[in-house]
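**Student:** Dropping in run-v7.cif, with mmCIF, C-alpha atoms and all ligand atoms.
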```
data_final
#
loop_
_atom_site.label_atom_id
_atom_site.label_comp_id
_atom_site.auth_asym_id
_atom_site.auth_seq_id
_atom_site.Cartn_x
_atom_site.Cartn_y
_atom_site.Cartn_z
CA MET A 61 56.56 36.38 -9.21
CA THR A 62 55.05 33.66 -6.98
CA ASP A 63 53.97 30.29 -8.39
CA HIS A 64 50.24 29.80 -8.33
CA ILE A 65 49.37 26.63 -6.40
CA PRO A 66 46.15 25.14 -7.76
CA ASP A 67 43.27 24.61 -5.32
CA PRO A 68 42.92 20.99 -4.13
CA ALA A 69 40.43 18.88 -6.11
CA GLY A 70 36.96 19.35 -4.66
CA THR A 71 37.42 22.99 -3.67
CA ALA A 72 34.90 24.19 -6.26
CA THR A 73 32.26 21.92 -4.70
CA ARG A 74 32.89 23.43 -1.25
CA ARG A 75 32.80 26.92 -2.77
CA ALA A 76 29.36 26.11 -4.17
CA ALA A 77 28.28 24.79 -0.74
CA MET A 78 29.41 28.07 0.82
CA LYS A 79 27.42 30.07 -1.73
CA LEU A 80 24.37 27.93 -0.96
CA LEU A 81 24.70 28.54 2.77
CA ASP A 82 25.15 32.24 2.17
CA ALA A 83 21.96 32.26 0.05
CA VAL A 84 19.94 30.55 2.80
CA LEU A 85 21.41 32.06 5.96
CA ARG A 86 22.19 35.61 4.85
CA ARG A 87 19.69 36.17 2.05
CA GLY A 88 16.82 33.97 3.26
CA LEU A 89 16.45 32.04 -0.03
CA PRO A 90 15.21 28.44 -0.24
CA LEU A 91 18.12 26.00 -0.58
CA ASP A 92 16.80 24.29 -3.71
CA SER A 93 16.08 27.48 -5.58
CA ALA A 94 19.61 28.78 -4.84
CA LEU A 95 21.28 25.68 -6.31
CA ASP A 96 21.48 26.70 -9.98
CA ALA A 97 23.21 30.00 -9.27
CA ALA A 98 25.49 28.63 -6.53
CA ALA A 99 26.59 25.57 -8.51
CA SER A 100 26.85 27.22 -11.92
CA GLY A 101 30.60 26.50 -12.02
CA LEU A 102 30.14 22.75 -11.48
CA ASP A 103 29.75 20.62 -14.59
CA ARG A 104 29.19 17.22 -13.00
CA ALA A 105 25.79 16.35 -11.53
CA ASP A 106 27.55 14.43 -8.73
CA ASP A 107 29.47 17.55 -7.68
CA ARG A 108 26.30 19.63 -7.65
CA ALA A 109 24.57 16.96 -5.58
CA PHE A 110 27.49 16.86 -3.13
CA ALA A 111 27.52 20.66 -2.75
CA HIS A 112 23.80 20.48 -1.98
CA ALA A 113 24.33 17.58 0.45
CA ILE A 114 27.05 19.45 2.34
CA ALA A 115 24.90 22.58 2.64
CA ALA A 116 21.83 20.59 3.71
CA GLU A 117 23.84 18.73 6.35
CA VAL A 118 25.24 22.01 7.71
CA LEU A 119 21.65 23.31 7.97
CA ARG A 120 20.54 20.13 9.79
CA ARG A 121 23.35 20.53 12.31
CA LEU A 122 23.94 24.26 12.42
CA ALA A 123 23.26 24.71 16.15
CA ASP A 124 25.75 21.97 17.05
CA LEU A 125 28.39 23.10 14.56
CA ASP A 126 28.22 26.66 15.87
CA ALA A 127 28.43 25.46 19.47
CA LEU A 128 31.65 23.58 18.62
CA ILE A 129 33.09 26.59 16.80
CA ASP A 130 32.19 28.97 19.63
CA GLY A 131 33.72 26.63 22.17
CA ALA A 132 37.03 26.70 20.29
CA THR A 133 37.37 30.42 19.53
CA ALA A 134 38.46 32.99 22.11
CA LYS A 135 36.16 35.63 20.60
CA PRO A 136 32.96 34.48 18.84
CA LEU A 137 33.19 34.78 15.05
CA PRO A 138 30.42 36.90 13.53
CA HIS A 139 27.59 34.69 12.25
CA ASP A 140 28.10 35.84 8.67
CA ALA A 141 31.93 35.61 8.72
CA LYS A 142 33.48 33.57 5.94
CA ALA A 143 35.65 31.84 8.52
CA ARG A 144 32.55 30.53 10.32
CA PHE A 145 31.04 29.31 7.03
CA ALA A 146 34.31 27.57 6.12
CA LEU A 147 34.53 25.90 9.52
CA ARG A 148 30.92 24.71 9.36
CA ILE A 149 31.62 23.13 5.96
CA ALA A 150 34.87 21.48 7.04
CA LEU A 151 33.47 20.21 10.34
CA VAL A 152 30.25 18.80 8.94
CA GLN A 153 32.21 16.79 6.42
CA ALA A 154 34.65 15.41 8.96
CA LEU A 155 32.06 14.74 11.67
CA ALA A 156 28.93 13.77 9.75
CA LEU A 157 29.76 12.99 6.13
CA GLU A 158 32.78 10.71 6.62
CA THR A 159 35.17 12.91 4.66
CA PRO A 160 38.76 12.37 5.90
CA ALA A 161 39.79 15.33 8.08
CA HIS A 162 42.71 16.39 5.83
CA ALA A 163 40.44 16.54 2.76
CA ALA A 164 37.72 18.34 4.72
CA ILE A 165 40.06 21.15 5.75
CA SER A 166 42.31 21.41 2.68
CA THR A 167 39.31 21.97 0.40
CA VAL A 168 37.90 24.83 2.49
CA LEU A 169 41.09 26.78 3.19
CA PRO A 170 41.11 28.34 -0.33
CA LEU A 171 37.63 29.73 0.51
CA VAL A 172 39.21 32.03 3.09
CA ASP A 173 42.23 33.03 1.00
CA GLY A 174 43.39 36.50 1.92
CA GLY A 175 41.52 36.08 5.22
CA PRO A 176 41.85 34.15 8.48
CA ARG A 177 43.26 30.91 7.02
CA LYS A 178 45.38 30.29 10.08
CA LEU A 179 42.47 30.74 12.43
CA VAL A 180 40.28 28.33 10.45
CA HIS A 181 43.07 25.75 10.27
CA GLY A 182 43.84 26.15 13.97
CA VAL A 183 40.22 25.88 15.18
CA PHE A 184 39.55 22.85 12.97
CA GLY A 185 42.78 21.13 14.11
CA ALA A 186 42.06 21.79 17.79
CA LEU A 187 38.54 20.40 17.50
CA MET A 188 39.68 17.27 15.68
CA ARG A 189 42.51 16.63 18.16
CA GLY A 190 39.99 17.10 20.96
CA ASP A 191 37.83 14.36 19.43
CA ALA A 192 34.94 16.77 18.83
CA LYS A 193 31.53 15.19 18.20
CA LEU A 194 28.18 16.48 17.01
CA SER A 195 25.26 15.82 19.29
CA ASP A 196 23.04 12.91 18.36
CA PRO A 197 20.23 13.64 17.61
CA PRO A 198 21.02 17.15 16.34
CA ARG A 199 19.76 20.19 18.25
CA LEU A 200 17.24 22.38 16.45
CA PRO A 201 17.89 26.11 16.01
CA ALA A 202 17.12 27.78 19.38
CA ALA A 203 14.23 29.87 18.03
CA VAL A 204 12.53 26.82 16.47
CA SER A 205 13.05 24.72 19.56
CA LYS A 206 11.44 27.42 21.72
CA ARG A 207 8.54 28.01 19.32
CA TRP A 208 7.69 24.31 18.93
CA ARG A 209 8.13 23.55 22.64
CA GLN A 210 5.65 26.29 23.47
CA ALA A 211 3.21 25.07 20.82
CA TRP A 212 3.49 21.28 21.12
CA GLY A 213 5.62 20.39 24.13
CA ARG A 214 9.00 18.87 24.71
CA GLN A 215 8.19 15.44 23.29
CA MET A 216 7.44 16.94 19.89
CA VAL A 217 10.79 18.79 19.87
CA ASP A 218 12.61 15.58 20.81
CA ALA A 219 10.83 13.72 18.01
CA ALA A 220 11.70 16.50 15.54
CA ARG A 221 15.37 16.22 16.52
CA VAL A 222 15.31 12.50 15.77
CA ALA A 223 13.42 13.13 12.53
CA ILE A 224 15.96 15.62 11.19
CA ALA A 225 18.94 13.38 11.87
CA ALA A 226 18.57 11.30 8.71
CA PRO A 227 17.04 11.83 5.27
CA PRO A 228 13.41 10.65 5.30
CA PRO A 229 12.11 7.65 3.34
CA LEU A 230 10.64 8.12 -0.11
CA ASP A 231 6.85 7.86 -0.38
CA LEU A 232 5.11 7.24 -3.68
CA SER A 233 1.46 7.68 -4.63
CA LEU A 234 0.21 5.26 -7.27
CA ALA A 235 -1.94 6.16 -10.26
CA ASP A 236 -3.77 2.87 -9.79
CA PRO A 237 -4.27 1.97 -6.11
CA SER A 238 -5.51 -1.52 -7.07
CA GLN A 239 -1.85 -2.26 -8.01
CA THR A 240 -0.44 -1.40 -4.59
CA ALA A 241 0.81 -4.93 -3.73
CA LEU A 242 2.37 -5.28 -7.17
CA TRP A 243 4.32 -2.01 -6.95
CA ALA A 244 5.34 -2.54 -3.32
CA ASP A 245 6.78 -5.88 -4.38
CA ARG A 246 8.41 -4.63 -7.58
CA LEU A 247 10.04 -1.66 -5.84
CA GLY A 248 10.87 -3.49 -2.61
CA GLY A 249 8.77 -1.15 -0.46
CA ILE A 250 6.06 -1.28 2.19
CA SER A 251 2.56 0.18 2.03
CA PHE A 252 0.50 1.88 4.74
CA THR A 253 -2.68 2.21 2.72
CA PRO A 254 -3.89 1.47 -0.85
CA GLY A 255 -2.19 3.74 -3.36
CA HIS A 256 0.89 4.26 -1.17
CA VAL A 257 4.37 2.68 -1.27
CA ARG A 258 7.27 3.64 1.00
CA LEU A 259 10.89 3.03 -0.02
CA PRO A 260 14.12 3.68 1.88
CA ALA A 261 15.64 7.14 1.29
CA ARG A 262 17.32 7.25 -2.10
CA SER A 263 18.03 9.84 -4.70
CA ARG A 264 17.66 8.56 -8.23
CA VAL A 265 13.89 8.59 -8.45
CA ALA A 266 13.89 8.75 -12.24
CA ASP A 267 15.74 5.41 -12.46
CA LEU A 268 13.13 3.45 -10.47
CA PRO A 269 10.77 1.13 -12.34
CA GLY A 270 7.44 2.78 -13.09
CA PHE A 271 8.67 6.39 -13.09
CA ALA A 272 9.01 6.84 -16.85
CA GLU A 273 5.63 5.28 -17.58
CA GLY A 274 3.98 7.42 -14.88
CA ALA A 275 2.77 4.60 -12.64
CA TRP A 276 3.50 6.75 -9.55
CA TRP A 277 4.78 10.10 -8.33
CA VAL A 278 6.73 11.14 -5.24
CA GLN A 279 4.46 12.37 -2.45
CA ASP A 280 4.90 12.09 1.29
CA ILE A 281 2.16 10.06 3.00
CA SER A 282 1.01 13.24 4.82
CA ALA A 283 0.73 15.22 1.59
CA SER A 284 -1.42 12.45 0.12
CA LEU A 285 -4.11 12.80 2.80
CA PRO A 286 -5.93 16.02 1.75
CA ALA A 287 -6.95 14.53 -1.62
CA ARG A 288 -7.77 11.17 -0.02
CA LEU A 289 -10.19 12.96 2.30
CA LEU A 290 -12.24 14.05 -0.74
CA GLY A 291 -12.89 10.41 -1.70
CA THR A 292 -13.65 9.24 -5.22
CA GLY A 293 -14.82 11.75 -7.79
CA SER A 294 -17.23 9.83 -10.04
CA LYS A 295 -16.81 12.62 -12.60
CA ARG A 296 -17.71 15.37 -10.11
CA THR A 297 -15.75 18.64 -10.30
CA VAL A 298 -12.99 19.71 -7.95
CA LEU A 299 -11.16 23.02 -7.90
CA ASP A 300 -7.54 22.58 -6.79
CA LEU A 301 -6.70 26.18 -6.01
CA CYS A 302 -2.95 26.02 -5.28
CA ALA A 303 -2.18 23.03 -7.40
CA ALA A 304 1.42 22.99 -8.57
CA PRO A 305 3.55 20.91 -8.89
CA GLY A 306 0.48 18.74 -8.81
CA GLY A 307 0.73 15.77 -6.45
CA LYS A 308 -2.83 16.32 -5.28
CA THR A 309 -4.15 17.15 -8.77
CA LEU A 310 -2.78 13.79 -9.95
CA GLN A 311 -4.43 11.95 -7.06
CA LEU A 312 -7.76 13.65 -7.69
CA ALA A 313 -7.63 12.95 -11.43
CA ALA A 314 -6.72 9.32 -10.70
CA ALA A 315 -9.69 9.11 -8.29
CA GLY A 316 -12.12 10.09 -11.04
CA TRP A 317 -12.52 13.83 -10.36
CA GLN A 318 -12.78 16.39 -13.16
CA VAL A 319 -10.01 18.66 -11.91
CA ILE A 320 -9.51 22.36 -12.49
CA ALA A 321 -5.98 23.06 -11.29
CA LEU A 322 -5.06 26.69 -10.60
CA ASP A 323 -1.69 28.10 -9.56
CA LEU A 324 -0.17 31.55 -9.43
CA SER A 325 3.16 30.35 -10.75
CA GLU A 326 3.46 29.67 -14.46
CA ASN A 327 6.75 27.79 -13.94
CA ARG A 328 5.28 25.53 -11.30
CA LEU A 329 2.20 24.95 -13.41
CA ALA A 330 4.50 23.86 -16.27
CA ARG A 331 5.83 21.16 -13.92
CA LEU A 332 2.26 20.14 -13.15
CA ASN A 333 1.61 19.79 -16.88
CA GLU A 334 4.76 17.64 -17.24
CA ASN A 335 3.48 15.44 -14.42
CA LEU A 336 0.10 15.09 -16.12
CA ASN A 337 1.83 14.13 -19.36
CA ARG A 338 4.04 11.57 -17.67
CA THR A 339 1.17 9.92 -15.84
CA GLY A 340 -1.37 10.19 -18.68
CA LEU A 341 -3.84 11.80 -16.25
CA SER A 342 -5.85 14.86 -17.19
CA ALA A 343 -6.86 18.15 -15.60
CA ARG A 344 -7.67 21.62 -16.83
CA THR A 345 -4.78 23.87 -15.78
CA LEU A 346 -5.00 27.62 -15.26
CA VAL A 347 -2.51 30.28 -14.22
CA GLY A 348 -4.23 32.57 -11.75
CA ASP A 349 -4.45 34.09 -8.30
CA ALA A 350 -6.76 32.19 -5.96
CA LEU A 351 -7.61 35.48 -4.25
CA THR A 352 -9.08 37.07 -7.38
CA PHE A 353 -9.90 34.03 -9.52
CA ALA A 354 -13.48 33.77 -10.76
CA ALA A 355 -14.61 30.21 -11.47
CA ASP A 356 -17.13 29.55 -14.29
CA ALA A 357 -19.30 27.72 -11.78
CA PRO A 358 -19.12 26.44 -8.19
CA ALA A 359 -17.50 23.01 -7.81
CA ASP A 360 -18.52 19.86 -5.94
CA ALA A 361 -15.30 20.16 -3.98
CA VAL A 362 -12.57 22.72 -3.42
CA LEU A 363 -9.08 21.91 -2.19
CA LEU A 364 -7.00 24.74 -0.77
CA ASP A 365 -3.47 23.41 -0.23
CA ALA A 366 -2.39 26.85 0.79
CA PRO A 367 1.05 28.43 0.46
CA CYS A 368 2.59 28.17 3.94
CA SER A 369 5.79 28.39 5.93
CA ALA A 370 6.46 24.75 4.94
CA THR A 371 8.10 24.00 8.28
CA GLY A 372 6.41 20.57 8.15
CA ILE A 373 8.86 19.46 5.46
CA PHE A 374 11.97 20.30 7.50
CA ARG A 375 13.36 16.77 7.14
CA ARG A 376 13.80 17.20 3.39
CA HIS A 377 14.25 20.97 3.45
CA PRO A 378 16.16 21.86 6.63
CA ASP A 379 16.61 25.42 5.31
CA VAL A 380 13.02 26.24 6.40
CA LEU A 381 14.11 26.08 10.02
CA HIS A 382 16.55 28.93 9.44
CA ARG A 383 14.50 31.10 7.10
CA VAL A 384 11.05 31.18 8.69
CA ARG A 385 10.55 33.85 11.35
CA ASP A 386 7.57 34.81 13.55
CA LYS A 387 6.67 37.81 11.39
CA ALA A 388 6.56 35.68 8.22
CA ILE A 389 4.34 33.13 9.99
CA ALA A 390 1.88 35.85 11.06
CA ASP A 391 1.82 37.33 7.53
CA ILE A 392 1.24 34.00 5.86
CA ALA A 393 -1.51 33.04 8.33
CA ALA A 394 -3.36 36.26 7.43
CA ARG A 395 -3.09 35.33 3.73
CA GLN A 396 -4.33 31.80 4.41
CA ARG A 397 -7.45 33.17 6.15
CA ALA A 398 -8.19 35.39 3.15
CA MET A 399 -7.61 32.53 0.71
CA LEU A 400 -9.87 30.16 2.63
CA ALA A 401 -12.68 32.72 2.73
CA ARG A 402 -12.32 33.16 -1.01
CA ALA A 403 -12.13 29.40 -1.69
CA ALA A 404 -15.47 28.99 0.10
CA ASP A 405 -17.18 31.06 -2.61
CA TRP A 406 -16.59 28.28 -5.14
CA VAL A 407 -18.09 25.37 -3.18
CA LYS A 408 -21.53 24.16 -4.33
CA PRO A 409 -24.25 23.75 -1.69
CA GLY A 410 -23.70 20.26 -0.27
CA GLY A 411 -20.08 20.32 -1.49
CA THR A 412 -16.83 19.80 0.40
CA LEU A 413 -13.97 22.16 1.23
CA VAL A 414 -10.58 20.90 2.38
CA TYR A 415 -7.94 23.22 3.83
CA ALA A 416 -4.38 21.92 4.16
CA VAL A 417 -0.91 23.24 5.01
CA CYS A 418 2.45 21.47 5.36
CA SER A 419 3.28 23.60 8.38
CA LEU A 420 4.09 22.82 11.99
CA GLU A 421 3.14 26.32 13.11
CA PRO A 422 -0.23 26.24 14.91
CA GLN A 423 -1.05 29.77 13.66
CA GLU A 424 -1.39 28.38 10.12
CA GLY A 425 -3.66 25.53 11.14
CA GLU A 426 -6.18 25.30 13.96
CA PRO A 427 -6.95 29.05 14.37
CA VAL A 428 -7.36 29.47 10.60
CA ALA A 429 -9.94 26.66 10.55
CA ASP A 430 -11.65 27.96 13.72
CA ALA A 431 -11.91 31.52 12.42
CA PHE A 432 -13.31 30.26 9.13
CA ALA A 433 -15.96 28.12 10.84
CA ALA A 434 -16.90 31.02 13.12
CA SER A 435 -17.40 33.44 10.23
CA HIS A 436 -18.99 31.03 7.70
CA SER A 437 -22.09 29.52 9.24
CA ALA A 438 -22.97 27.72 5.98
CA PHE A 439 -19.83 25.58 6.38
CA ILE A 440 -20.06 22.78 8.92
CA PRO A 441 -16.88 21.09 10.10
CA ASP A 442 -16.84 17.58 8.63
CA PRO A 443 -14.79 15.49 11.08
CA VAL A 444 -12.32 12.98 9.67
CA ALA A 445 -12.91 9.43 10.96
CA PRO A 446 -9.92 7.31 12.05
CA GLU A 447 -10.79 4.73 9.34
CA GLU A 448 -10.11 7.37 6.68
CA LEU A 449 -6.47 7.62 7.74
CA PRO A 450 -3.56 5.18 7.55
CA ALA A 451 -2.87 3.28 10.80
CA GLY A 452 -0.59 5.38 12.99
CA ILE A 453 -2.21 8.71 12.06
CA LEU A 454 -5.25 9.72 14.10
CA PRO A 455 -7.57 12.72 13.79
CA ASP A 456 -7.57 15.18 16.71
CA LYS A 457 -10.57 15.61 19.03
CA ALA A 458 -12.21 18.02 16.59
CA GLY A 459 -11.85 15.55 13.71
CA ARG A 460 -9.04 17.47 12.03
CA VAL A 461 -5.69 15.99 11.06
CA ARG A 462 -2.60 17.34 12.79
CA ILE A 463 0.52 15.37 11.92
CA LEU A 464 3.48 16.00 14.20
CA PRO A 465 6.99 14.51 14.17
CA GLY A 466 6.72 11.34 16.20
CA MET A 467 3.76 9.96 14.26
CA LEU A 468 4.73 6.82 12.31
CA ALA A 469 8.19 7.31 13.83
CA ASP A 470 8.99 3.59 13.85
CA GLN A 471 8.28 3.37 10.11
CA GLY A 472 10.29 6.45 9.09
CA GLY A 473 7.94 9.29 10.13
CA ALA A 474 5.81 11.67 8.09
CA ASP A 475 5.84 15.33 7.11
CA GLY A 476 4.15 17.81 9.48
CA PHE A 477 0.69 18.74 8.21
CA PHE A 478 -2.67 20.22 9.18
CA ILE A 479 -5.92 19.35 7.40
CA ALA A 480 -9.49 20.47 8.10
CA ARG A 481 -12.59 19.47 6.14
CA PHE A 482 -15.89 21.34 5.89
CA ARG A 483 -19.21 20.64 4.22
CA ARG A 484 -21.36 23.43 2.80
CA SER A 485 -24.96 23.03 3.91
CA ALA A 486 -27.28 22.10 1.04
C1 LIG A 501 1.84 24.02 -0.95
S1 LIG A 501 2.13 24.43 -2.60
C2 LIG A 501 0.98 23.42 -3.44
C3 LIG A 501 1.38 21.98 -3.61
C4 LIG A 501 0.42 21.23 -4.53
N1 LIG A 501 -0.95 21.31 -4.05
C5 LIG A 501 0.81 19.79 -4.69
O1 LIG A 501 0.18 18.90 -4.13
O2 LIG A 501 1.75 19.53 -5.45
C6 LIG A 501 1.39 26.00 -2.74
C7 LIG A 501 1.21 26.52 -4.14
O3 LIG A 501 0.44 27.71 -4.06
C8 LIG A 501 0.80 28.53 -5.13
N2 LIG A 501 0.28 29.89 -4.80
C9 LIG A 501 0.80 30.81 -3.95
N3 LIG A 501 -0.02 31.88 -3.88
C10 LIG A 501 -1.05 31.63 -4.69
C11 LIG A 501 -2.23 32.35 -5.06
N4 LIG A 501 -2.48 33.57 -4.56
N5 LIG A 501 -3.08 31.79 -5.95
C12 LIG A 501 -2.82 30.55 -6.47
N6 LIG A 501 -1.74 29.83 -6.17
C13 LIG A 501 -0.87 30.35 -5.28
C14 LIG A 501 2.30 28.40 -5.19
O4 LIG A 501 2.78 28.75 -6.48
C15 LIG A 501 2.48 26.91 -4.87
O5 LIG A 501 2.57 26.17 -6.06
#
```
What is this file in structure tokens?
**Tutor:**
Amino acid sequence: MTDHIPDPAGTATRRAAMKLLDAVLRRGLPLDSALDAAASGLDRADDRAFAHAIAAEVLRRLADLDALIDGATAKPLPHDAKARFALRIALVQALALETPAHAAISTVLPLVDGGPRKLVHGVFGALMRGDAKLSDPPRLPAAVSKRWRQAWGRQMVDAARVAIAAPPPLDLSLADPSQTALWADRLGGISFTPGHVRLPARSRVADLPGFAEGAWWVQDISASLPARLLGTGSKRTVLDLCAAPGGKTLQLAAAGWQVIALDLSENRLARLNENLNRTGLSARTLVGDALTFAADAPADAVLLDAPCSATGIFRRHPDVLHRVRDKAIADIAARQRAMLARAADWVKPGGTLVYAVCSLEPQEGEPVADAFAASHSAFIPDPVAPEELPAGILPDKAGRVRILPGMLADQGGADGFFIARFRRSA
């Protein structure tokens, strides 16, 4: 009988990180939605958070980690090999997360028990002795780099590399924009525009002053623009067709709109209701499919914050860069066109329609808006004026908003977004 040697402390956290990476890279699941299953064996919130942080950092730096691994192995390891996953986890800790090298490797070796332990140990040791470094800023996955270079040019890709290197700042939207200076001061943040406060990146949102009483909610400055472009409501009606978890519903309710908030997902709508309760704001919430939904009456405004590839939020969710493929982008763009055509049915004559996506894929933005305008002569593009946007974000030549990495870069950047506004002729 052999004595069982217990795994080093911290191994379970790395095992959870490996499960997370497997969920994203092999099964194409979003990182956040894989967390509960992957970290089910971890009792402490800190351990769960660290497993998530390791996986997210691997996803930020995957191209560079794999280049190091490939440069140190005689024969390339298969992309889904456990040994490659273990090496990615060990290397990212030693080279980017300041974990001492011995702890980084000893906690991953049990993950390849019964497999190529020696190989993993040997490759890691050789790289550390050779003073291996990760490139700064990180390289993007090759397919993303190519796609974005073709769409937006080299400068955009360079800015995206800088943007992914560090967690982004935390933007808040305020329930009462007249209190912007007060909250910026109380929270130690800066503001780009009334109703907005930016804080340095931090995690414990729920502990910040004002959260419990619902004075604000987390919302990137880019994501706050679609609702801002509808102006104040003065009790007019707005249909928020893809509403959950509700950042834009909350803004619209706070701006005096009577909001009908629809979403396909009951779970996500439950979060929207929690957010309404916390902030004391009100909206009528409905579970439903925007493609088949029949409104009681047309609304003064319709907001379609459409489901999208979400590649614009790659700073916070680096998994999107590895999960989203060309075919998925084409499929989702076709759905967006159908949803926008349907949304138009519920706009009153003289009313406003806003289309928005947090995507950096042009197929989900400009051509969707162009095709809509071409096929809906009653809808006239309603150009956004520079004064409607925070300094540092400008409308494009057609008066639409296209936010790319690089905008507001000196103040911490902004999520990638596309927004187009139309007015229905009276
Ligand atoms: C980009 S998110 C919306 C974010 C939200 N507007 C906010 O500000 O918090 C897209 C939403 O569309 C919902 N959705 C997807 N397909 C839908 C459909 N056919 N009808 C209605 N909602 C849909 C998703 O459940 C998701 O909550």
**Student:** List the neighbours of Gly372 (chain A) out to 9 Å using all atoms listed in the file; skip same-chain residues closer than 2 positions along the sequence, and give me the result as a PDB file with C-alpha atoms, in the coordinates of the input.
**Tutor:**
```
ATOM      1  CA  SER A 369       5.790  28.390   5.930  1.00  0.00           C
ATOM      2  CA  ALA A 370       6.460  24.750   4.940  1.00  0.00           C
ATOM      3  CA  PHE A 374      11.970  20.300   7.500  1.00  0.00           C
ATOM      4  CA  ARG A 375      13.360  16.770   7.140  1.00  0.00           C
ATOM      5  CA  VAL A 380      13.020  26.240   6.400  1.00  0.00           C
ATOM      6  CA  VAL A 417      -0.910  23.240   5.010  1.00  0.00           C
ATOM      7  CA  CYS A 418       2.450  21.470   5.360  1.00  0.00           C
ATOM      8  CA  SER A 419       3.280  23.600   8.380  1.00  0.00           C
ATOM      9  CA  LEU A 420       4.090  22.820  11.990  1.00  0.00           C
ATOM     10  CA  GLU A 421       3.140  26.320  13.110  1.00  0.00           C
ATOM     11  CA  ILE A 463       0.520  15.370  11.920  1.00  0.00           C
ATOM     12  CA  LEU A 464       3.480  16.000  14.200  1.00  0.00           C
ATOM     13  CA  PRO A 465       6.990  14.510  14.170  1.00  0.00           C
ATOM     14  CA  ALA A 474       5.810  11.670   8.090  1.00  0.00           C
ATOM     15  CA  ASP A 475       5.840  15.330   7.110  1.00  0.00           C
ATOM     16  CA  GLY A 476       4.150  17.810   9.480  1.00  0.00           C
ATOM     17  CA  PHE A 477       0.690  18.740   8.210  1.00  0.00           C
TER      18      PHE A 477
END
```
**Student:** Could I get the residues of region 142-223 of chain A with an atom no further than 9 Å from an atom of region 78-102 of chain A, each paired with its nearest atom pair and that distance in Å to one decimal, using all atoms listed in the file, sorted by chain and residue number, as JSON lines?
**Tutor:**
```
{"residue": "A:Lys142", "atom": "CA", "partner": "A:Met78", "partner_atom": "CA", "distance": 8.5}
{"residue": "A:Phe145", "atom": "CA", "partner": "A:Met78", "partner_atom": "CA", "distance": 6.5}
{"residue": "A:Ala146", "atom": "CA", "partner": "A:Met78", "partner_atom": "CA", "distance": 7.2}
{"residue": "A:Ile149", "atom": "CA", "partner": "A:Met78", "partner_atom": "CA", "distance": 7.5}
{"residue": "A:Leu171", "atom": "CA", "partner": "A:Met78", "partner_atom": "CA", "distance": 8.4}
```
**Student:** Check every protein, DNA and RNA residue against ligand LIG 501 (chain A), keep those with an atom at most 6 Å away (counting only C-alpha atoms and all ligand atoms), and present them as a PDB file with C-alpha atoms, keeping the file's coordinate frame.
**Tutor:**
```pdb
ATOM      1  CA  LEU A 301      -6.700  26.180  -6.010  1.00  0.00           C
ATOM      2  CA  CYS A 302      -2.950  26.020  -5.280  1.00  0.00           C
ATOM      3  CA  ALA A 303      -2.180  23.030  -7.400  1.00  0.00           C
ATOM      4  CA  ALA A 304       1.420  22.990  -8.570  1.00  0.00           C
ATOM      5  CA  PRO A 305       3.550  20.910  -8.890  1.00  0.00           C
ATOM      6  CA  GLY A 306       0.480  18.740  -8.810  1.00  0.00           C
ATOM      7  CA  GLY A 307       0.730  15.770  -6.450  1.00  0.00           C
ATOM      8  CA  LYS A 308      -2.830  16.320  -5.280  1.00  0.00           C
ATOM      9  CA  ASP A 323      -1.690  28.100  -9.560  1.00  0.00           C
ATOM     10  CA  LEU A 324      -0.170  31.550  -9.430  1.00  0.00           C
ATOM     11  CA  SER A 325       3.160  30.350 -10.750  1.00  0.00           C
ATOM     12  CA  ARG A 328       5.280  25.530 -11.300  1.00  0.00           C
ATOM     13  CA  GLY A 348      -4.230  32.570 -11.750  1.00  0.00           C
ATOM     14  CA  ASP A 349      -4.450  34.090  -8.300  1.00  0.00           C
ATOM     15  CA  ALA A 350      -6.760  32.190  -5.960  1.00  0.00           C
ATOM     16  CA  LEU A 351      -7.610  35.480  -4.250  1.00  0.00           C
ATOM     17  CA  ASP A 365      -3.470  23.410  -0.230  1.00  0.00           C
ATOM     18  CA  ALA A 366      -2.390  26.850   0.790  1.00  0.00           C
ATOM     19  CA  PRO A 367       1.050  28.430   0.460  1.00  0.00           C
TER      20      PRO A 367
END
```
**Student:** Edge lengths and centre, in Å to one decimal, as lines of an AutoDock Vina configuration file: that's what I need for the box along x, y and z that holds all listed atoms of region 80-85 of chain A plus 5 Å on each side.
**Tutor:**
```
center_x = 22.5
center_y = 30.1
center_z = 2.5
size_x = 15.2
size_y = 14.3
size_z = 16.9
```
**Student:** Which is closest to Leu259 (chain A) among A:Ile281, A:Ala275, A:Ala113, A:Leu119, if we use all atoms listed in the file?
**Tutor:**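 Closest candidate: A:Ile281.
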**Student:** Which residue is closest to Ile440 (chain A)? Choose from A:Val384, A:Ala355, A:Ala458, A:Val298 and count all atoms listed in the file.
**Tutor:**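 Checking each candidate against Ile440 (chain A), we get A:Ala458 as the closest.
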**Student:** What is the distance between CA of Lys295 (chain A) and CA of Glu334 (chain A), in Å to one decimal?
**Tutor:**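 Separation between CA of Lys295 (chain A) and CA of Glu334 (chain A): 22.6 Å.
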**Student:** To one decimal place in Å, what is the distance between CA of Val319 (chain A) and CA of Leu346 (chain A)?
**Tutor:** 10.8 Å
**Student:** Env of Leu232 (chain A): 8 Å cut, atoms = only C-alpha atoms, seq-sep filter 3 positions within chain, self excluded. Answer as a PyMOL selection string.
**Tutor:** chain A and resi 256-258+276-281
**Student:** Could you save the residues just selected, with C-alpha atoms, as a short mmCIF file (atom, residue, chain, number, x, y, z; two decimals), keeping the file's coordinate frame?
**Tutor:**
```
data_model
loop_
_atom_site.label_atom_id
_atom_site.label_comp_id
_atom_site.auth_asym_id
_atom_site.auth_seq_id
_atom_site.Cartn_x
_atom_site.Cartn_y
_atom_site.Cartn_z
CA HIS A 256 0.89 4.26 -1.17
CA VAL A 257 4.37 2.68 -1.27
CA ARG A 258 7.27 3.64 1.00
CA TRP A 276 3.50 6.75 -9.55
CA TRP A 277 4.78 10.10 -8.33
CA VAL A 278 6.73 11.14 -5.24
CA GLN A 279 4.46 12.37 -2.45
CA ASP A 280 4.90 12.09 1.29
CA ILE A 281 2.16 10.06 3.00
#
```
